[in-house]
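Participant: You'll find entry09.csv just under this line, and it carries CSV, C-alpha atoms.
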chain,number,residue,atom,x,y,z
K,1,MET,CA,48.0,-34.1,-93.5
K,2,LYS,CA,46.7,-37.7,-93.2
K,3,LEU,CA,50.3,-38.9,-92.9
K,4,MET,CA,50.9,-36.6,-90.0
K,5,TYR,CA,47.8,-37.9,-88.2
K,6,LYS,CA,48.9,-41.4,-88.8
K,7,LYS,CA,52.4,-40.6,-87.3
K,8,ILE,CA,50.8,-39.0,-84.3
K,9,LEU,CA,48.4,-42.0,-83.8
K,10,LEU,CA,51.3,-44.4,-84.2
K,11,ALA,CA,53.4,-42.5,-81.7
K,12,LEU,CA,50.5,-42.5,-79.2
K,13,LEU,CA,50.0,-46.2,-79.6
K,14,PHE,CA,53.7,-46.9,-79.0
K,15,ALA,CA,53.7,-44.5,-76.0
K,16,PHE,CA,50.5,-45.9,-74.4
K,17,PRO,CA,52.1,-49.0,-72.9
K,18,ILE,CA,55.0,-46.9,-71.5
K,19,PHE,CA,52.4,-44.4,-70.0
K,20,VAL,CA,50.3,-47.2,-68.5
K,21,PHE,CA,53.3,-49.1,-67.0
K,22,ALA,CA,54.9,-45.9,-65.7
K,23,GLN,CA,51.6,-45.0,-63.9
K,24,SER,CA,51.4,-48.5,-62.3
K,25,ASP,CA,54.4,-47.9,-60.0
K,26,THR,CA,53.4,-47.0,-56.5
K,27,GLN,CA,55.9,-44.7,-54.7
K,28,TRP,CA,56.1,-44.2,-51.0
K,29,ALA,CA,57.8,-41.4,-49.0
K,30,LEU,CA,58.6,-41.5,-45.3
K,31,ASP,CA,56.6,-38.6,-43.8
K,32,GLN,CA,57.3,-39.1,-40.0
K,33,SER,CA,59.4,-41.4,-38.0
K,34,THR,CA,60.3,-42.4,-34.5
K,35,LEU,CA,63.0,-45.0,-34.1
K,36,SER,CA,64.1,-45.9,-30.6
K,37,TYR,CA,66.6,-48.4,-29.3
K,38,HIS,CA,66.5,-49.9,-25.8
K,39,MET,CA,69.6,-50.7,-23.8
K,40,SER,CA,69.5,-52.6,-20.6
K,41,HIS,CA,71.9,-52.9,-17.7
K,42,PRO,CA,71.3,-54.2,-14.2
K,43,MET,CA,71.8,-50.7,-12.8
K,44,HIS,CA,69.7,-48.7,-15.4
K,45,GLU,CA,67.6,-48.8,-18.6
K,46,VAL,CA,68.3,-46.4,-21.5
K,47,ASP,CA,66.2,-45.5,-24.6
K,48,GLY,CA,67.7,-43.5,-27.4
K,49,VAL,CA,65.3,-41.8,-29.9
K,50,SER,CA,65.6,-40.4,-33.4
K,51,HIS,CA,63.1,-38.6,-35.6
K,52,ALA,CA,65.6,-38.1,-38.4
K,53,ALA,CA,65.0,-41.1,-40.6
K,54,LYS,CA,64.5,-40.6,-44.3
K,55,GLY,CA,63.0,-43.3,-46.6
K,56,LYS,CA,61.5,-44.2,-49.9
K,57,GLY,CA,59.7,-47.1,-51.4
K,58,ILE,CA,58.6,-48.2,-54.8
K,59,CYS,CA,56.3,-51.0,-55.8
K,60,HIS,CA,56.7,-52.3,-59.4
K,61,ALA,CA,55.5,-55.5,-61.0
K,62,GLY,CA,54.1,-56.8,-57.8
K,63,GLN,CA,57.2,-56.3,-55.7
K,64,CYS,CA,58.0,-53.5,-53.2
K,65,ASN,CA,61.5,-52.2,-52.3
K,66,PHE,CA,62.0,-49.9,-49.4
K,67,LEU,CA,65.1,-48.1,-48.2
K,68,ILE,CA,65.3,-46.3,-44.8
K,69,ALA,CA,68.4,-44.4,-43.6
K,70,VAL,CA,69.0,-42.6,-40.2
K,71,PRO,CA,72.1,-40.8,-39.0
K,72,VAL,CA,73.7,-42.6,-36.0
K,73,LYS,CA,74.3,-39.2,-34.3
K,74,SER,CA,70.6,-38.3,-34.4
K,75,PHE,CA,69.7,-40.7,-31.6
K,76,ASP,CA,69.2,-38.9,-28.3
K,77,SER,CA,69.1,-40.7,-24.9
K,78,GLY,CA,68.9,-37.5,-22.9
K,79,ASP,CA,72.6,-37.7,-21.9
K,80,SER,CA,75.0,-36.2,-24.4
K,81,ASN,CA,78.0,-38.0,-22.8
K,82,ARG,CA,76.3,-41.3,-23.2
K,83,ASP,CA,75.3,-40.4,-26.8
K,84,LEU,CA,78.9,-39.5,-27.7
K,85,HIS,CA,80.0,-42.8,-26.2
K,86,MET,CA,77.4,-44.7,-28.2
K,87,ILE,CA,78.7,-43.0,-31.4
K,88,GLN,CA,82.2,-44.1,-30.6
K,89,THR,CA,81.2,-47.6,-29.6
K,90,THR,CA,79.2,-48.1,-32.8
K,91,ARG,CA,81.9,-46.6,-35.0
K,92,GLY,CA,79.5,-43.8,-36.0
K,93,ALA,CA,82.2,-41.5,-37.3
K,94,GLN,CA,83.3,-44.2,-39.8
K,95,PHE,CA,79.8,-45.5,-40.5
K,96,PRO,CA,77.5,-42.5,-39.9
K,97,MET,CA,74.3,-44.0,-41.2
K,98,VAL,CA,72.0,-46.9,-40.2
K,99,ILE,CA,70.6,-48.3,-43.5
K,100,VAL,CA,67.6,-50.7,-43.7
K,101,ARG,CA,66.5,-52.4,-46.9
K,102,THR,CA,63.5,-54.6,-47.3
K,103,GLN,CA,61.5,-56.2,-50.1
K,104,PHE,CA,58.1,-57.8,-50.0
K,105,PRO,CA,55.1,-58.6,-52.3
K,106,GLU,CA,53.0,-55.5,-53.2
K,107,ALA,CA,49.9,-57.4,-51.9
K,108,ALA,CA,51.3,-57.2,-48.4
K,109,THR,CA,50.9,-53.4,-48.5
K,110,THR,CA,47.2,-53.8,-47.8
K,111,SER,CA,47.6,-56.5,-45.0
K,112,PRO,CA,47.2,-55.5,-41.3
K,113,THR,CA,50.6,-57.2,-40.7
K,114,ILE,CA,53.5,-57.0,-43.0
K,115,TYR,CA,56.2,-59.7,-42.5
K,116,ALA,CA,59.4,-58.2,-43.8
K,117,ASP,CA,62.9,-59.6,-44.3
K,118,LEU,CA,65.3,-56.9,-43.3
K,119,GLU,CA,68.9,-56.1,-44.2
K,120,VAL,CA,70.3,-53.7,-41.7
K,121,GLN,CA,73.7,-52.0,-42.1
K,122,PHE,CA,75.1,-50.6,-38.9
K,123,ALA,CA,78.5,-50.1,-37.4
K,124,GLY,CA,80.2,-51.4,-40.5
K,125,GLN,CA,78.3,-54.7,-40.4
K,126,THR,CA,75.2,-56.1,-42.1
K,127,ALA,CA,72.6,-58.2,-40.3
K,128,HIS,CA,69.6,-60.0,-41.7
K,129,TYR,CA,66.3,-60.4,-39.9
K,130,GLN,CA,63.7,-62.8,-41.3
K,131,HIS,CA,60.0,-62.5,-41.1
K,132,VAL,CA,59.9,-59.4,-38.8
K,133,PRO,CA,56.2,-58.5,-38.2
K,134,PHE,CA,55.1,-54.9,-38.6
K,135,GLN,CA,51.6,-53.7,-37.9
K,136,ARG,CA,50.0,-51.6,-40.7
K,137,VAL,CA,47.2,-49.1,-40.1
K,138,ALA,CA,45.9,-46.9,-43.0
K,139,GLN,CA,45.0,-43.4,-41.9
K,140,GLY,CA,43.6,-41.5,-44.9
K,141,ASN,CA,46.3,-41.2,-47.5
K,142,GLN,CA,49.0,-42.2,-45.0
K,143,VAL,CA,50.0,-45.6,-43.7
K,144,ARG,CA,51.4,-46.1,-40.2
K,145,ILE,CA,53.9,-48.9,-39.7
K,146,THR,CA,54.9,-50.1,-36.2
K,147,GLY,CA,57.1,-53.0,-35.0
K,148,THR,CA,60.3,-54.0,-33.4
K,149,ILE,CA,63.6,-55.0,-35.0
K,150,PRO,CA,65.2,-57.7,-32.7
K,151,ALA,CA,68.8,-56.3,-33.0
K,152,THR,CA,71.6,-57.3,-30.8
K,153,CYS,CA,75.1,-55.9,-30.2
K,154,SER,CA,76.6,-59.2,-31.4
K,155,ASP,CA,74.7,-58.9,-34.7
K,156,PHE,CA,76.9,-55.9,-35.5
K,157,LYS,CA,80.1,-57.0,-33.7
K,158,ILE,CA,79.8,-54.2,-31.2
K,159,ASP,CA,81.7,-54.6,-28.0
K,160,ARG,CA,79.1,-54.2,-25.3
K,161,PRO,CA,79.8,-51.1,-23.1
K,162,SER,CA,80.2,-51.8,-19.4
K,163,PHE,CA,79.2,-49.9,-16.3
K,164,LEU,CA,80.9,-51.0,-13.0
K,165,THR,CA,82.6,-53.8,-15.0
K,166,VAL,CA,79.2,-55.3,-16.0
K,167,PRO,CA,78.3,-55.1,-19.7
K,168,ILE,CA,74.9,-54.1,-21.0
K,169,LYS,CA,72.6,-56.8,-22.2
K,170,ASN,CA,73.3,-58.1,-25.7
K,171,GLU,CA,69.7,-57.2,-26.9
K,172,ILE,CA,69.2,-53.7,-28.3
K,173,PRO,CA,65.7,-53.9,-29.8
K,174,VAL,CA,64.7,-51.0,-32.1
K,175,LYS,CA,61.1,-49.9,-32.0
K,176,VAL,CA,59.9,-48.5,-35.3
K,177,ASP,CA,57.0,-46.1,-35.7
K,178,MET,CA,56.8,-44.6,-39.2
K,179,THR,CA,54.2,-42.9,-41.3
K,180,TRP,CA,54.4,-43.3,-45.0
K,181,GLN,CA,52.4,-41.6,-47.8
The structure given in the file should be rewritten as structure tokens.
Facilitator:
Amino acid sequence: MKLMYKKILLALLFAFPIFVFAQSDTQWALDQSTLSYHMSHPMHEVDGVSHAAKGKGICHAGQCNFLIAVPVKSFDSGDSNRDLHMIQTTRGAQFPMVIVRTQFPEAATTSPTIYADLEVQFAGQTAHYQHVPFQRVAQGNQVRITGTIPATCSDFKIDRPSFLTVPIKNEIPVKVDMTWQ
């Protein structure tokens, strides 16, 4: 009987560090999202919006890694013909997802501003944005993150669409408004 108790005690002692370290990971899930791009042309302005982003994050050993993905076809500008053209122009059939990855110190998760280095995969290309500021506001057990990714058509080798032979501006900033829990 004593031998069995010793074995149980030893098993618990060996399992304790695993239990403690497994519990130290912080996991985040994207609860709500609004991503919107802005396109500008001398004749008109266009905003496309998506609420279909999915995301997850994990903080381990002082470092956080986040992954966000949104279907290209989920962006709605209010004009289905324009949206179809956007999917064609951005090679959305071949590359149907926009994927964003970032990594930053876990200590930043409590800061009012998070400066993130982003890797964005879109239209078959990968662009890197350094030190992009995102505002962080805690709301109960949720955290709201807002900011703007300074994307351009040239970052992703997208031929700028034209209207009356005048191409859109190169800048296509993406506003981010996400709630994590």
Participant: Residues near Ile149 of chain K, anyone? I mean within 8 Å using only C-alpha atoms, not counting same-chain ones fewer than 4 positions away, as a list of chain:residue names.
Facilitator: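 Final neighbour list, sorted by chain and number: K:Tyr129, K:Val132, K:Pro173, K:Val174, K:Lys175, K:Val176.
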Participant: Just the number, please: distance in Å from atom CA of His38 of chain K to atom CA of Val143 of chain K, one decimal.
Facilitator: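 Between these atoms lies a distance of 24.7 Å.
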Participant: Using only C-alpha atoms, pick whichever of K:Ile114, K:Glu119, K:Gln27, K:Ala93 has the shortest atom-to-atom distance to Ala69 of chain K.
Facilitator: K:Glu119
Participant: Would you mind telling me which residue in K:Gln32, K:Asn170, K:Thr110, K:Ser162 lies nearest to Gly55 of chain K when using only C-alpha atoms?
Facilitator: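 For Gly55 of chain K, the nearest of the candidates is K:Gln32.
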Participant: Nearest to Asp117 of chain K: which of K:Met178, K:Val100, K:Ile58, K:Leu84 is it, counting all atoms listed in the file?
Facilitator: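 Between K:Met178, K:Val100, K:Ile58, K:Leu84, the residue approaching Asp117 of chain K most closely is K:Val100.
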Participant: Find, counting all atoms listed in the file, the residue in K:Pro71, K:Gly140, K:Pro133, K:Pro96 that gets nearest to Ala108 of chain K.
Facilitator: K:Pro133
Participant: List as a list in words the protein and nucleic acid residues near Met43 of chain K, meaning an atom at most 12 Å away when only C-alpha atoms are counted, but skip any in the same chain fewer than 5 places from it.
Facilitator: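 Near Met43 of chain K, the qualifying residues are Ser162, Phe163, Leu164, Thr165, Val166, Pro167, Ile168 and Lys169 of chain K.
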Participant: Nearest to Gln181 of chain K: which of K:Ile158, K:Ala151, K:Val72, K:Ile145 is it, counting all atoms listed in the file?
Facilitator: K:Ile145
Participant: How far is it from atom CA of Phe66 of chain K to atom CA of Leu30 of chain K, in Å with one decimal?
Facilitator: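 Result for atom CA of Phe66 of chain K versus atom CA of Leu30 of chain K: 9.9 Å, one decimal.
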Participant: Separation of atom CA of Gln103 of chain K and atom CA of Gln63 of chain K, in Å?
Facilitator: 7.1 Å
Participant: Point out the residue among K:His60, K:Asp155, K:Asn141, K:Tyr115 with the least atom-to-atom distance to Ala127 of chain K, counting only C-alpha atoms.
Facilitator: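 Using only C-alpha atoms, the shortest distance to Ala127 of chain K belongs to K:Asp155.
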Participant: May I have the protein, DNA and RNA residues with any atom at most 10 Å from the point (75.2, -45.0, -26.8), counting only C-alpha atoms, written as a list in words?
Facilitator: Tyr37, Met39, Val46, Asp47, Gly48, Val72, Lys73, Phe75, Asp76, Ser77, Asp79, Ser80, Asn81, Arg82, Asp83, Leu84, His85, Met86, Ile87, Gln88, Thr89, Thr90 and Pro161 of chain K
Participant: Write out N, CA and C atoms for segment 47-79 of chain K, as a compact mmCIF listing (two decimals), in the frame of the given file.
Facilitator:
# COMPACT_ATOMS: atom_id res chain seq x y z
N ASP K 47 66.88 -45.49 -23.24
CA ASP K 47 66.20 -45.50 -24.60
C ASP K 47 66.82 -44.28 -25.32
N GLY K 48 67.22 -44.52 -26.55
CA GLY K 48 67.70 -43.50 -27.40
C GLY K 48 66.66 -43.32 -28.57
N VAL K 49 66.32 -42.10 -28.92
CA VAL K 49 65.30 -41.80 -29.90
C VAL K 49 65.77 -40.96 -31.03
N SER K 50 65.34 -41.28 -32.24
CA SER K 50 65.60 -40.40 -33.40
C SER K 50 64.34 -40.21 -34.17
N HIS K 51 64.21 -38.99 -34.68
CA HIS K 51 63.10 -38.60 -35.60
C HIS K 51 63.63 -38.22 -36.94
N ALA K 52 64.88 -38.58 -37.23
CA ALA K 52 65.60 -38.10 -38.40
C ALA K 52 65.64 -39.08 -39.58
N ALA K 53 64.91 -40.17 -39.53
CA ALA K 53 65.00 -41.10 -40.60
C ALA K 53 64.38 -40.57 -41.90
N LYS K 54 64.97 -40.95 -42.99
CA LYS K 54 64.50 -40.60 -44.30
C LYS K 54 64.22 -41.97 -45.02
N GLY K 55 63.23 -42.01 -45.88
CA GLY K 55 63.00 -43.30 -46.60
C GLY K 55 62.15 -43.10 -47.80
N LYS K 56 62.25 -44.12 -48.65
CA LYS K 56 61.50 -44.20 -49.90
C LYS K 56 61.15 -45.60 -50.19
N GLY K 57 60.08 -45.78 -50.93
CA GLY K 57 59.70 -47.10 -51.40
C GLY K 57 59.09 -47.03 -52.74
N ILE K 58 59.23 -48.11 -53.48
CA ILE K 58 58.60 -48.20 -54.80
C ILE K 58 58.11 -49.61 -55.01
N CYS K 59 56.90 -49.70 -55.48
CA CYS K 59 56.30 -51.00 -55.80
C CYS K 59 56.17 -51.03 -57.33
N HIS K 60 56.69 -52.09 -57.90
CA HIS K 60 56.70 -52.30 -59.40
C HIS K 60 56.58 -53.74 -59.66
N ALA K 61 55.72 -54.08 -60.58
CA ALA K 61 55.50 -55.50 -61.00
C ALA K 61 55.28 -56.42 -59.89
N GLY K 62 54.47 -55.96 -58.91
CA GLY K 62 54.10 -56.80 -57.80
C GLY K 62 55.07 -56.94 -56.68
N GLN K 63 56.17 -56.20 -56.75
CA GLN K 63 57.20 -56.30 -55.70
C GLN K 63 57.50 -54.88 -55.19
N CYS K 64 57.66 -54.75 -53.87
CA CYS K 64 58.00 -53.50 -53.20
C CYS K 64 59.38 -53.50 -52.67
N ASN K 65 60.12 -52.41 -52.88
CA ASN K 65 61.50 -52.20 -52.30
C ASN K 65 61.47 -50.96 -51.51
N PHE K 66 61.95 -51.06 -50.27
CA PHE K 66 62.00 -49.90 -49.40
C PHE K 66 63.44 -49.71 -48.89
N LEU K 67 63.81 -48.45 -48.71
CA LEU K 67 65.10 -48.10 -48.20
C LEU K 67 64.87 -47.00 -47.12
N ILE K 68 65.42 -47.23 -45.93
CA ILE K 68 65.30 -46.30 -44.80
C ILE K 68 66.73 -45.99 -44.33
N ALA K 69 67.03 -44.73 -44.07
CA ALA K 69 68.40 -44.40 -43.60
C ALA K 69 68.19 -43.36 -42.42
N VAL K 70 69.01 -43.52 -41.38
CA VAL K 70 69.00 -42.60 -40.20
C VAL K 70 70.39 -42.38 -39.74
N PRO K 71 70.74 -41.12 -39.49
CA PRO K 71 72.10 -40.80 -39.00
C PRO K 71 72.26 -41.39 -37.56
N VAL K 72 73.38 -42.04 -37.31
CA VAL K 72 73.70 -42.60 -36.00
C VAL K 72 73.66 -41.46 -34.95
N LYS K 73 74.22 -40.30 -35.30
CA LYS K 73 74.30 -39.20 -34.30
C LYS K 73 72.97 -38.56 -34.00
N SER K 74 71.90 -38.95 -34.71
CA SER K 74 70.60 -38.30 -34.40
C SER K 74 69.87 -38.97 -33.25
N PHE K 75 70.39 -40.08 -32.71
CA PHE K 75 69.70 -40.70 -31.60
C PHE K 75 70.08 -39.96 -30.29
N ASP K 76 69.06 -39.66 -29.51
CA ASP K 76 69.20 -38.90 -28.30
C ASP K 76 68.68 -39.68 -27.11
N SER K 77 69.55 -39.93 -26.13
CA SER K 77 69.10 -40.70 -24.90
C SER K 77 68.89 -39.74 -23.75
N GLY K 78 69.06 -38.45 -23.96
CA GLY K 78 68.90 -37.50 -22.90
C GLY K 78 70.20 -37.24 -22.11
N ASP K 79 71.28 -37.90 -22.51
CA ASP K 79 72.60 -37.70 -21.90
C ASP K 79 73.62 -37.60 -22.98
